[in-house]
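Enquirer: One structure is given below, represented as structure tokens, and several questions about it will come after.
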Amino acid sequence: MDSISLIGMASIISAGLTIGIGAIGPALGEGRAVAQGLASIAQQPDETNSITRTLFVGLAMIESTAIYCFVVSMILIFANPFWDHVIQAGG
Amino acid sequence: MDFMQLGDISPDQIVFWQWGWISLNATIVFTWGVMAFMVLGSWLITRKLSSGPELSRWQNVLEVLVGGMRNQIQDIAQEDPGSYLYFIGTLFLFILISNLLFIFPGYIAPTASLSTTAALAICVFAAVPIYGILSRGVLGYLRQYVRPTPLMLPFNVIGELSRTLALAVRLFGNIMSGMKIAAILLAVIPLIFPVVMQALGLLTGTIQAYIFAVLAMVYIASATRAQKEKERENNPEKGENS
């Protein structure tokens, strides 16, 4: 197998694996965080504002791990440096 | 009409005009567009302000926005918004407007480019020591790096750098993924369904602007707050009032 198809195959498979596996952890974490936040709001409705704000900031923190995976898989598909190198060397 | 091709990962790659090494890409054009929009809009609205019971509707919009930002900053920093409002408010409004305008066809959000978000994150990175030194002095600010022990110095420095990176990549990733998903859906299911994702993009854009501003405020507050807590311990009566 020549290097172009090898690199293309490896990039696409690993991009899928990156976002697939990388979404599991943040999804579980966000689910737990939201469930806990809703329980807290149900217990203390007066504190809704500050709970919601902290919840959103926390969710953004958790979500950023998934976003890193997404950015890496986007780079693998659309802006892969190895792919460009091989194309230039071949062409 | 959509300038952004499926293969472009950033609006930096769309070049409108090039002369020698000077190139005018979509990020620069739309950043200046958003800036002109904000400046002109604010100028038009604040041209005739009234303090009487008769408010123009746009003055009301601006008052709600500024008042809301003041309240949020007050809640987070536990002190008078003062000079934080200018910095945090500018960040929030710029990101919010550049995200929300993305419902217009042909517009590309400048925040979908890593250069814009990195610039904004570097502004926050620079603002944290500035506000910290203004409120606690140079030594007082530097001392927080060796807390609780000097062993933590490298971790504090790395934390400072990595949160700047996280700030930039979070905003970039969210907005870019919104545009990318819209582009992919347009190729797969061109009817109706992309509209739903665009509506979701409005929600994401607002939340991301809010989160960027809140995180910047939290970072600044953590650099300025410790001093005030110490003052409060020393003379509790005065600290409670201020």
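Just so we're on the same page: first chain in the structure tokens is A, next is B, and so on; residues restart at 1 for each chain, and ligands are numbered from 1 in the order they show up.
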Residues of chain B within 7 Å of chain A, counting only C-alpha atoms - could you list those as an NGL selection string?
Expert: :B and (7 or 9 or 170 or 173-174 or 211)
Enquirer: I need the residues from that last selection saved to file as a JSON list (two decimals), in the first residue's frame (with N, CA and C atoms), if you can.
Expert:
[["chain", "number", "residue", "atom", "x", "y", "z"],
["B", 7, "GLY", "N", -13.93, 22.30, 2.73],
["B", 7, "GLY", "CA", -12.57, 21.94, 3.08],
["B", 7, "GLY", "C", -11.82, 22.99, 3.87],
["B", 9, "ILE", "N", -10.90, 25.08, 7.00],
["B", 9, "ILE", "CA", -11.10, 24.92, 8.43],
["B", 9, "ILE", "C", -11.17, 26.26, 9.11],
["B", 170, "ARG", "N", -11.62, 26.78, 23.08],
["B", 170, "ARG", "CA", -13.03, 26.50, 23.37],
["B", 170, "ARG", "C", -13.93, 27.33, 22.46],
["B", 173, "GLY", "N", -13.42, 26.25, 18.76],
["B", 173, "GLY", "CA", -14.00, 24.94, 18.49],
["B", 173, "GLY", "C", -15.51, 24.99, 18.41],
["B", 174, "ASN", "N", -16.13, 25.72, 19.33],
["B", 174, "ASN", "CA", -17.59, 25.77, 19.33],
["B", 174, "ASN", "C", -18.14, 26.44, 18.09],
["B", 211, "ILE", "N", -19.92, 32.64, 28.50],
["B", 211, "ILE", "CA", -18.92, 31.87, 29.22],
["B", 211, "ILE", "C", -17.54, 32.52, 29.10]]
Enquirer: Would you give me, as JSON lines, each residue of region 142-177 of chain B having an atom within 10 Å of an atom of region 216-225 of chain B, along with its shortest atom pair and that distance in Å to one decimal, using only C-alpha atoms and sorting by chain and residue number?
Expert:
{"residue": "B:Leu142", "atom": "CA", "partner": "B:Ala223", "partner_atom": "CA", "distance": 9.8}
{"residue": "B:Gln144", "atom": "CA", "partner": "B:Ala223", "partner_atom": "CA", "distance": 8.0}
{"residue": "B:Glu160", "atom": "CA", "partner": "B:Tyr219", "partner_atom": "CA", "distance": 9.3}
{"residue": "B:Arg163", "atom": "CA", "partner": "B:Tyr219", "partner_atom": "CA", "distance": 9.4}
{"residue": "B:Thr164", "atom": "CA", "partner": "B:Ala216", "partner_atom": "CA", "distance": 9.6}
{"residue": "B:Leu167", "atom": "CA", "partner": "B:Ala216", "partner_atom": "CA", "distance": 8.8}
Enquirer: List every residue of region 1-163 of chain B that DSSP, applied to the backbone of this structure, places in strand (DSSP E), and write the result as number ranges by chain.
Expert: B: 15-19, 22-25
Enquirer: Between CA of Ser83 (chain B) and CA of Ser135 (chain B), measure the distance and give it in Å to one decimal.
Expert: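 CA of Ser83 (chain B) sits 11.6 Å away from CA of Ser135 (chain B).
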Enquirer: Would you list the contacts of Gln13 (chain B) as a list in words, taking every protein, DNA or RNA residue within 9 Å and counting only C-alpha atoms, but skipping same-chain residues closer than 4 positions in sequence?
Expert: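 The neighbour list is Asp8, Ile9, Asn25, Ala26 and Thr27 of chain B.
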Enquirer: Dump C-alpha atoms for the selected residues as a short mmCIF file (atom, residue, chain, number, x, y, z; two decimals), in the first residue's frame?
Expert:
data_model
loop_
_atom_site.label_atom_id
_atom_site.label_comp_id
_atom_site.auth_asym_id
_atom_site.auth_seq_id
_atom_site.Cartn_x
_atom_site.Cartn_y
_atom_site.Cartn_z
CA ASP B 8 -11.70 25.26 4.72
CA ILE B 9 -11.10 24.92 8.43
CA ASN B 25 -8.78 37.61 4.40
CA ALA B 26 -12.32 37.01 5.60
CA THR B 27 -11.36 37.22 9.28
#
Enquirer: Just the number, please: distance in Å from CA of Ala183 (chain B) to CA of Ala36 (chain B), one decimal.
Expert: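 We find that CA of Ala183 (chain B) and CA of Ala36 (chain B) lie 27.1 Å from each other.
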Enquirer: Report the distance between CA of Leu85 (chain B) and CA of Ala209 (chain B) in Å, rounded to one decimal place.
Expert: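 Interatomic distance, CA of Leu85 (chain B) to CA of Ala209 (chain B): 14.8 Å.
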Enquirer: I want to know what sits within 10 Å of Gln198 (chain B), based on only C-alpha atoms, with residues of the same chain fewer than 2 positions away left out; could you give that as a ChimeraX atom specification?
Expert: /B:102-103,178-179,181-182,193-196,200-204
Enquirer: Could you list, as a list in words, every residue within 10 Å of Ile12 (chain A), counting only C-alpha atoms and ignoring same-chain residues fewer than 5 positions away?
Expert: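 Once the adjacent positions are removed, what remains is Ile7, Leu17, Thr18, Ser73, Met74, Leu76 and Ile77 of chain A.
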Enquirer: Restricting the calculation to only C-alpha atoms, which member of B:Val146, B:Ile97, B:Ala112, B:Ala168 is positioned closest to Val39 (chain B)?
Expert: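 Nearest to Val39 (chain B): B:Ile97.
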Enquirer: Please provide the set of residues having any atom within 10 Å of Gly25 (chain A), restricted to only C-alpha atoms, with same-chain residues fewer than 3 positions apart removed, written as a list in words.
Expert: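 In the requested form, the answer reads Ile21, Gly22, Leu28, Gly29, Glu30, Gly31, Ile62, Glu63, Thr65 and Ala66 of chain A.
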Enquirer: Write the residues of the preceding selection, restricted to C-alpha atoms, as a PDB file, in the first residue's frame.
Expert:
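Done, and the output landed in selection-v9.pdb:
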ATOM      1  CA  ILE A  21     -14.023   8.005  22.316  1.00  0.00           C
ATOM      2  CA  GLY A  22     -13.429  11.594  23.312  1.00  0.00           C
ATOM      3  CA  LEU A  28     -20.981  11.328  31.287  1.00  0.00           C
ATOM      4  CA  GLY A  29     -19.510  14.268  33.165  1.00  0.00           C
ATOM      5  CA  GLU A  30     -22.008  16.780  31.826  1.00  0.00           C
ATOM      6  CA  GLY A  31     -24.882  14.428  32.583  1.00  0.00           C
ATOM      7  CA  ILE A  62     -16.134  19.940  30.933  1.00  0.00           C
ATOM      8  CA  GLU A  63     -17.202  20.469  27.367  1.00  0.00           C
ATOM      9  CA  THR A  65     -12.280  18.422  26.566  1.00  0.00           C
ATOM     10  CA  ALA A  66     -14.754  17.239  23.917  1.00  0.00           C
TER      11      ALA A  66
END
